[in-house]
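Data block for model_20.cif (mmCIF, C-alpha atoms):
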```
data_final
#
loop_
_atom_site.group_PDB
_atom_site.id
_atom_site.type_symbol
_atom_site.label_atom_id
_atom_site.label_comp_id
_atom_site.auth_asym_id
_atom_site.auth_seq_id
_atom_site.Cartn_x
_atom_site.Cartn_y
_atom_site.Cartn_z
ATOM 1 C CA MET A 1 79.660 24.828 78.107
ATOM 2 C CA ALA A 2 82.833 25.464 76.154
ATOM 3 C CA GLY A 3 84.195 28.955 75.599
ATOM 4 C CA LEU A 4 82.911 32.350 74.507
ATOM 5 C CA ASP A 5 82.062 33.336 70.956
ATOM 6 C CA ILE A 6 80.099 35.887 68.953
ATOM 7 C CA PHE A 7 77.350 35.793 66.368
ATOM 8 C CA GLU A 8 77.504 38.225 63.501
ATOM 9 C CA LYS A 9 75.332 39.034 60.537
ATOM 10 C CA ALA A 10 76.383 41.030 57.492
ATOM 11 C CA GLY A 11 79.717 41.760 59.171
ATOM 12 C CA ARG A 12 78.154 43.222 62.320
ATOM 13 C CA ILE A 13 78.530 41.506 65.687
ATOM 14 C CA HIS A 14 75.120 41.240 67.333
ATOM 15 C CA SER A 15 75.544 38.923 70.330
ATOM 16 C CA LEU A 16 77.963 37.304 72.765
ATOM 17 C CA HIS A 17 77.396 33.715 73.840
ATOM 18 C CA VAL A 18 78.866 30.698 75.604
ATOM 19 C CA LYS A 19 79.088 27.722 73.286
ATOM 20 C CA ALA A 20 77.474 24.474 74.367
ATOM 21 C CA GLU A 21 79.403 21.331 73.554
ATOM 22 C CA ARG A 22 77.645 19.050 71.124
ATOM 23 C CA GLY A 23 76.780 15.677 72.564
ATOM 24 C CA GLU A 24 74.640 12.737 71.613
ATOM 25 C CA ARG A 25 71.801 13.692 73.958
ATOM 26 C CA LEU A 26 71.744 17.329 72.801
ATOM 27 C CA ALA A 27 71.791 16.250 69.142
ATOM 28 C CA HIS A 28 68.894 13.868 69.834
ATOM 29 C CA LEU A 29 66.882 16.642 71.521
ATOM 30 C CA GLN A 30 67.563 19.042 68.634
ATOM 31 C CA SER A 31 66.459 16.401 66.133
ATOM 32 C CA LYS A 32 63.204 15.788 68.015
ATOM 33 C CA VAL A 33 62.476 19.528 68.178
ATOM 34 C CA GLU A 34 63.171 19.928 64.451
ATOM 35 C CA THR A 35 60.896 16.979 63.615
ATOM 36 C CA ALA A 36 58.079 18.385 65.767
ATOM 37 C CA LEU A 37 58.365 21.810 64.124
ATOM 38 C CA GLN A 38 58.193 20.283 60.653
ATOM 39 C CA ARG A 39 55.159 18.204 61.642
ATOM 40 C CA ALA A 40 53.536 21.454 62.786
ATOM 41 C CA GLY A 41 53.994 22.788 59.257
ATOM 42 C CA LEU A 42 57.103 24.928 59.652
ATOM 43 C CA PRO A 43 59.854 24.687 57.035
ATOM 44 C CA PRO A 44 63.126 22.949 57.980
ATOM 45 C CA GLU A 45 65.726 25.135 59.670
ATOM 46 C CA ARG A 46 68.360 26.113 57.131
ATOM 47 C CA ARG A 47 70.955 27.375 59.601
ATOM 48 C CA ARG A 48 73.446 24.954 61.104
ATOM 49 C CA PHE A 49 72.595 24.038 64.712
ATOM 50 C CA ALA A 50 74.811 26.101 67.034
ATOM 51 C CA PRO A 51 74.023 25.186 70.652
ATOM 52 C CA HIS A 52 74.740 28.147 72.915
ATOM 53 C CA VAL A 53 73.591 30.347 75.790
ATOM 54 C CA THR A 54 73.286 34.011 74.813
ATOM 55 C CA LEU A 55 74.942 36.323 77.324
ATOM 56 C CA ALA A 56 74.402 39.745 75.759
ATOM 57 C CA ARG A 57 73.211 41.662 72.738
ATOM 58 C CA THR A 58 76.170 43.700 71.529
ATOM 59 C CA ASP A 59 74.804 46.291 69.116
ATOM 60 C CA LYS A 60 76.285 49.183 71.116
ATOM 61 C CA VAL A 61 79.679 47.639 71.960
ATOM 62 C CA ALA A 62 82.847 48.565 70.077
ATOM 63 C CA PRO A 63 83.775 45.487 67.982
ATOM 64 C CA ASP A 64 87.486 45.637 68.891
ATOM 65 C CA LYS A 65 86.690 45.624 72.627
ATOM 66 C CA LEU A 66 84.288 42.719 72.206
ATOM 67 C CA ILE A 67 86.744 40.676 70.144
ATOM 68 C CA GLY A 68 89.448 41.342 72.744
ATOM 69 C CA PHE A 69 87.089 40.182 75.502
ATOM 70 C CA VAL A 70 86.285 36.963 73.626
ATOM 71 C CA GLN A 71 89.972 36.269 72.997
ATOM 72 C CA ALA A 72 90.810 36.869 76.670
ATOM 73 C CA HIS A 73 88.034 34.511 77.838
ATOM 74 C CA ASN A 74 87.855 31.900 75.073
ATOM 75 C CA LEU A 75 88.959 29.147 77.469
ATOM 76 C CA PHE A 76 85.989 29.815 79.792
ATOM 77 C CA ARG A 77 84.680 26.479 81.068
ATOM 78 C CA PRO A 78 82.052 26.532 83.817
ATOM 79 C CA PRO A 79 81.492 23.331 85.792
ATOM 80 C CA PRO A 80 78.875 20.913 84.391
ATOM 81 C CA VAL A 81 75.264 21.569 85.352
ATOM 82 C CA ALA A 82 72.542 18.927 85.371
ATOM 83 C CA VAL A 83 69.558 20.047 83.297
ATOM 84 C CA GLU A 84 66.248 18.568 84.381
ATOM 85 C CA ARG A 85 63.958 20.614 82.150
ATOM 86 C CA PHE A 86 64.053 23.261 79.474
ATOM 87 C CA SER A 87 61.682 26.049 78.520
ATOM 88 C CA LEU A 88 60.556 27.195 75.118
ATOM 89 C CA PHE A 89 60.694 31.000 74.969
ATOM 90 C CA SER A 90 59.341 33.442 72.446
ATOM 91 C CA SER A 91 61.637 36.377 71.720
ATOM 92 C CA ARG A 92 60.692 39.743 70.292
ATOM 93 C CA LEU A 93 63.364 42.330 69.623
ATOM 94 C CA GLY A 94 62.386 45.859 70.603
ATOM 95 C CA LYS A 95 64.066 49.215 70.090
ATOM 96 C CA GLU A 96 65.596 49.239 73.577
ATOM 97 C CA GLN A 97 65.785 45.547 74.486
ATOM 98 C CA ALA A 98 64.514 42.104 73.654
ATOM 99 C CA HIS A 99 61.398 40.791 75.373
ATOM 100 C CA TYR A 100 61.389 37.103 76.302
ATOM 101 C CA GLU A 101 58.359 35.143 77.406
ATOM 102 C CA ALA A 102 58.367 31.559 78.643
ATOM 103 C CA GLU A 103 55.782 29.643 76.652
ATOM 104 C CA VAL A 104 56.048 26.100 78.041
ATOM 105 C CA ASP A 105 58.392 23.901 80.105
ATOM 106 C CA TYR A 106 59.522 20.452 79.057
ATOM 107 C CA PRO A 107 60.903 17.950 81.548
ATOM 108 C CA LEU A 108 63.844 15.735 80.669
ATOM 109 C CA GLU A 109 64.458 12.155 81.820
ATOM 110 C CA GLY A 110 60.909 11.038 82.545
ATOM 111 C CA ASP A 111 59.580 13.912 84.695
ATOM 112 C CA ASP A 112 55.929 14.259 83.630
ATOM 113 C CA ALA A 113 55.306 17.523 85.507
ATOM 114 C CA GLY A 114 56.057 19.795 82.539
ATOM 115 C CA ARG A 115 53.624 18.102 80.197
ATOM 116 C CA SER A 116 50.731 19.373 82.268
ATOM 117 C CA GLY A 117 51.423 22.991 81.323
ATOM 118 C CA LEU A 118 54.028 24.773 83.391
ATOM 119 C CA ALA A 119 54.011 27.760 81.042
ATOM 120 C CA GLY A 120 55.637 30.819 82.506
ATOM 121 C CA ARG A 121 58.172 29.035 84.713
ATOM 122 C CA GLU A 122 61.830 29.574 84.052
ATOM 123 C CA ALA A 123 64.097 26.749 82.980
ATOM 124 C CA GLU A 124 66.223 25.316 85.758
ATOM 125 C CA PHE A 125 69.854 25.386 84.681
#
```
Structure encoded using structure tokens:
Amino acid sequence: MAGLDIFEKAGRIHSLHVKAERGERLAHLQSKVETALQRAGLPPERRRFAPHVTLARTDKVAPDKLIGFVQAHNLFRPPPVAVERFSLFSSRLGKEQAHYEAEVDYPLEGDDAGRSGLAGREAEF
């Protein structure tokens, strides 16, 4: 993980996140996911890959306060964490909050447990 940042659309800040450093293994995983999605009939992703962990939706936060917070914490660097699996979540934005549902877990580094359908379990980060 490597510092705080924001995502904005049409000039409005909509979320705060911690950036994930790009690495060979993450790029390989992203490529495999993209290939699988295209094989399933989905169009290629047009947005540039921006690995991150979303911390908060920021629709109701004053932009100047949020930008000040990001500037004050842009050197944030948590210690490394070994990731043994990841989960694919569906996300539906509601009026009050987003609803996230774990769809399936995928093991990394040869663990076959996730392939048997661990849907509903949270990712272990």
Result set, the PyMOL selection byres ((chain A and resi 106) around 6) on current file, as a list in words: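 Taken over the shown coordinates, the PyMOL selection byres ((chain A and resi 106) around 6) returns Arg85, Phe86, Asp105, Pro107 and Gly114 of chain A.
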Segment 98-100 of chain A surroundings by all atoms listed in the file, 9 Å radius, close-in-sequence under 5 positions cut, as a ChimeraX atom specification: /A:57,89-93
File of the preceding selection, C-alpha atoms, as a compact mmCIF listing (two decimals), in the frame of the given file:
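Final output, saved to out14.txt:
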```
# COMPACT_ATOMS: atom_id res chain seq x y z
CA ARG A 57 73.21 41.66 72.74
CA PHE A 89 60.69 31.00 74.97
CA SER A 90 59.34 33.44 72.45
CA SER A 91 61.64 36.38 71.72
CA ARG A 92 60.69 39.74 70.29
CA LEU A 93 63.36 42.33 69.62
```
Within 12 Å of segment 64-66 of chain A using all atoms listed in the file, minus same-chain residues under 2 positions, as a PyMOL selection string: chain A and resi 4-8+12-17+56-62+68-74
Best match for closeness to Val83 of chain A among A:Val18, A:Ala2, A:Ala50, A:Leu26, counting only C-alpha atoms: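 Closest to Val83 of chain A, using only C-alpha atoms: A:Leu26.
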Distance criterion (only C-alpha atoms): nearest to Val53 of chain A out of A:Glu21, A:Glu84, A:Glu34, A:Glu96: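 Of A:Glu21, A:Glu84, A:Glu34, A:Glu96, the one nearest Val53 of chain A is A:Glu21, counting only C-alpha atoms.
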Point-to-point distance from atom CA of Pro51 of chain A to atom CA of Val33 of chain A, Å rounded to tenths: 13.1 Å
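Separating atom CA of Ser87 of chain A from atom CA of Leu55 of chain A is a distance of 16.8 Å.
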Among the residues A:Gln97, A:Thr54, A:Phe49, A:Pro63, the one that comes closest to Leu29 of chain A [using all atoms listed in the file]: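 Of A:Gln97, A:Thr54, A:Phe49, A:Pro63, the one nearest Leu29 of chain A is A:Phe49, counting all atoms listed in the file.
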For atom CA of Met1 of chain A and atom CA of Arg77 of chain A, the interatomic separation in Å (one decimal):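 Atom CA of Met1 of chain A sits 6.1 Å away from atom CA of Arg77 of chain A.
Counting only C-alpha atoms, the residue from A:Gly3, A:Gly94, A:Pro44, A:Gly11 that sits nearest to Ser31 of chain A is A:Pro44.
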